[in-house]
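Engineer: Quick one: this structure, given as structure tokens, is what I'll be asking you about.
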Amino acid sequence: TSKMSDAIGMMEGAFFVSRTEILTWINELLQLNIAKIEHTASGAVACQILDAIFPGTVPMHKVNWKATQEYEFINNYKIVQQVFLKQKIDQHVEVEKLIKGKYQDNLEFMQWLKRYYDLHANLSVPYDPLARRKDVSQPKKEK
């Protein structure tokens with residue numbers, strides 16, 4: 001069965017959340033320093049937001065934070081889509097549009113994710129984004 005609130009419509013409050021508010025939310029939640037919505041186009045941010053909502057369901061070690069090419073972005077969105085499938089989230093992800101890095105498409109997807117987070121995240125469980133990214137974003141130190 002699909003979760004009732006997955007159908008977040010365009011006229012819902014989610015789509016009136018400003019770019020500044022979205023960036024502040026992403027940067028605070030994930031302890032990042034993203035300056036532009038377009039920088040979420042790689043899909044890595046979406047993966048980690050989902051990890052915050054559904055702890056332990058996102059294979060964070062597979063998320064490519066250093067992705068710069070569209071084909072690398074697609075692999076991150078495959079992770080997003082797998083989580084959506086596993087969690088029965090009935091939301092179409094327009095990967096082809098998102099990977100182009102266009103402002104409006106990425107803003108709307110982040111707005112949707114923020115609304116989904118607000119409805120489903122368990123805020124009583126602390127989330128440590130740096131620990132979850134530890135194995136992925138930092139190169140292994142040689143001994």
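Residue numbering restarts at 1 for every chain of the structure tokens, chains are lettered A, B, ... in their displayed order, and ligands are numbered from 1 as they appear.
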Using only C-alpha atoms, which protein or nucleic acid residues come within 12 Å of region 74-82 of chain A? Drop anything in the same chain fewer than 6 positions from it, and give the result as a ChimeraX atom specification.
Structural biologist: /A:40-51,54,57-68,88-100,109,113
Engineer: Let me see the file: selected residues, N, CA and C atoms, as a compact mmCIF listing (two decimals), in the first residue's frame.
Structural biologist:
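part_36.txt, freshly written:
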```
# COMPACT_ATOMS: atom_id res chain seq x y z
N THR A 40 22.54 20.35 -6.38
CA THR A 40 21.91 19.11 -5.92
C THR A 40 21.65 18.16 -7.09
N ALA A 41 22.00 18.57 -8.30
CA ALA A 41 21.70 17.80 -9.51
C ALA A 41 22.36 16.42 -9.55
N SER A 42 23.43 16.22 -8.78
CA SER A 42 24.14 14.93 -8.83
C SER A 42 23.34 13.80 -8.19
N GLY A 43 22.34 14.16 -7.38
CA GLY A 43 21.54 13.13 -6.72
C GLY A 43 22.08 12.71 -5.36
N ALA A 44 23.31 13.12 -5.03
CA ALA A 44 23.92 12.71 -3.76
C ALA A 44 23.15 13.29 -2.57
N VAL A 45 22.73 14.56 -2.68
CA VAL A 45 21.98 15.21 -1.61
C VAL A 45 20.65 14.47 -1.40
N ALA A 46 19.98 14.13 -2.50
CA ALA A 46 18.70 13.40 -2.40
C ALA A 46 18.92 12.06 -1.69
N CYS A 47 20.00 11.37 -2.02
CA CYS A 47 20.31 10.09 -1.36
C CYS A 47 20.43 10.29 0.14
N GLN A 48 21.16 11.33 0.54
CA GLN A 48 21.38 11.49 1.98
C GLN A 48 20.14 11.99 2.70
N ILE A 49 19.30 12.79 2.04
CA ILE A 49 18.03 13.20 2.66
C ILE A 49 17.19 11.95 2.92
N LEU A 50 17.16 11.05 1.95
CA LEU A 50 16.41 9.79 2.12
C LEU A 50 17.02 8.96 3.25
N ASP A 51 18.34 9.00 3.37
CA ASP A 51 19.02 8.29 4.45
C ASP A 51 18.60 8.86 5.81
N PHE A 54 14.93 7.53 6.26
CA PHE A 54 14.89 6.07 6.44
C PHE A 54 16.28 5.57 6.80
N THR A 57 18.65 2.55 5.17
CA THR A 57 18.12 1.94 3.95
C THR A 57 18.86 2.39 2.70
N VAL A 58 19.66 3.45 2.83
CA VAL A 58 20.41 3.95 1.68
C VAL A 58 21.84 3.43 1.76
N PRO A 59 22.30 2.74 0.71
CA PRO A 59 23.70 2.27 0.72
C PRO A 59 24.63 3.46 0.49
N MET A 60 24.88 4.21 1.56
CA MET A 60 25.64 5.46 1.45
C MET A 60 27.04 5.25 0.84
N HIS A 61 27.61 4.05 1.03
CA HIS A 61 28.94 3.78 0.46
C HIS A 61 28.91 3.78 -1.07
N LYS A 62 27.71 3.67 -1.65
CA LYS A 62 27.60 3.66 -3.12
C LYS A 62 27.32 5.05 -3.69
N VAL A 63 27.01 6.02 -2.81
CA VAL A 63 26.69 7.37 -3.27
C VAL A 63 27.97 8.08 -3.71
N ASN A 64 27.95 8.62 -4.91
CA ASN A 64 29.13 9.31 -5.46
C ASN A 64 29.02 10.81 -5.22
N TRP A 65 29.68 11.30 -4.17
CA TRP A 65 29.65 12.73 -3.83
C TRP A 65 30.55 13.53 -4.74
N LYS A 66 31.44 12.86 -5.45
CA LYS A 66 32.37 13.57 -6.33
C LYS A 66 31.90 13.54 -7.79
N ALA A 67 30.69 13.07 -8.00
CA ALA A 67 30.15 12.97 -9.37
C ALA A 67 30.14 14.33 -10.05
N THR A 68 30.61 14.36 -11.30
CA THR A 68 30.59 15.60 -12.08
C THR A 68 29.94 15.40 -13.44
N LYS A 88 8.00 2.13 -0.96
CA LYS A 88 6.69 2.30 -1.61
C LYS A 88 6.30 3.78 -1.74
N ILE A 89 7.27 4.58 -2.16
CA ILE A 89 7.02 6.01 -2.40
C ILE A 89 6.62 6.16 -3.85
N ASP A 90 5.38 6.56 -4.06
CA ASP A 90 4.84 6.67 -5.40
C ASP A 90 5.10 8.08 -5.95
N GLN A 91 6.35 8.33 -6.31
CA GLN A 91 6.72 9.64 -6.84
C GLN A 91 7.67 9.42 -8.00
N HIS A 92 7.30 9.96 -9.16
CA HIS A 92 8.16 9.83 -10.33
C HIS A 92 9.33 10.79 -10.22
N VAL A 93 10.53 10.29 -10.40
CA VAL A 93 11.73 11.12 -10.35
C VAL A 93 12.16 11.36 -11.80
N GLU A 94 12.14 12.62 -12.21
CA GLU A 94 12.49 12.95 -13.59
C GLU A 94 14.01 13.10 -13.73
N VAL A 95 14.67 11.95 -13.69
CA VAL A 95 16.12 11.90 -13.70
C VAL A 95 16.71 12.67 -14.88
N GLU A 96 16.14 12.46 -16.07
CA GLU A 96 16.68 13.11 -17.27
C GLU A 96 16.69 14.63 -17.14
N LYS A 97 15.69 15.18 -16.46
CA LYS A 97 15.64 16.63 -16.25
C LYS A 97 16.59 17.05 -15.14
N LEU A 98 16.59 16.29 -14.03
CA LEU A 98 17.40 16.66 -12.86
C LEU A 98 18.90 16.68 -13.17
N ILE A 99 19.37 15.68 -13.92
CA ILE A 99 20.82 15.59 -14.19
C ILE A 99 21.32 16.72 -15.09
N LYS A 100 20.41 17.42 -15.75
CA LYS A 100 20.81 18.56 -16.59
C LYS A 100 21.21 19.76 -15.73
N PHE A 109 12.21 19.35 -7.01
CA PHE A 109 12.49 18.05 -6.41
C PHE A 109 12.93 18.21 -4.95
N LEU A 113 11.15 16.82 -1.63
CA LEU A 113 11.88 16.03 -0.62
C LEU A 113 11.76 16.67 0.77
```
Engineer: Can you list, as JSON, numbers by chain, all residues belonging to chain A that DSSP tags as helix (DSSP H, G or I)?
Structural biologist: {"A": [4, 5, 6, 13, 14, 15, 16, 19, 20, 21, 22, 23, 24, 25, 26, 27, 28, 29, 30, 37, 38, 39, 40, 44, 45, 46, 47, 48, 49, 50, 51, 52, 53, 60, 61, 62, 70, 71, 72, 73, 74, 75, 76, 77, 78, 79, 80, 81, 82, 83, 84, 85, 86, 95, 96, 97, 98, 103, 104, 105, 106, 107, 108, 109, 110, 111, 112, 113, 114, 115, 116, 117, 118, 119, 120, 129, 130, 131, 132, 133, 134, 135, 136, 137]}
Engineer: Under the rule that only C-alpha atoms are counted, which of A:Gln31, A:Arg115, A:Gln87, A:Val17 is the nearest residue to Pro55 (chain A)?
Structural biologist: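 Smallest distance to Pro55 (chain A) is found for A:Gln87.
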Engineer: Nearest to Ile26 (chain A) among A:Ala131, A:Leu123, A:Leu107, A:Leu85, with distances taken over only C-alpha atoms: which residue is it?
Structural biologist: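 Ranked by minimum distance to Ile26 (chain A), first place goes to A:Leu107.
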Engineer: Distance CA of Thr20 (chain A)-CA of Ile34 (chain A), one decimal place?
Structural biologist: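 CA of Thr20 (chain A) sits 10.7 Å away from CA of Ile34 (chain A).
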Engineer: Determine the nearest neighbour of Ile37 (chain A) from the options A:Tyr103, A:Tyr117, A:Trp25, A:Trp112, counting only C-alpha atoms.
Structural biologist: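 Residue with the minimum atom-to-atom distance to Ile37 (chain A): A:Tyr103.
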Engineer: Just give me the gap between CA of Ser18 (chain A) and CA of Gln69 (chain A) in Å, one decimal is fine.
Structural biologist: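 Distance between the two atoms: 27.3 Å.
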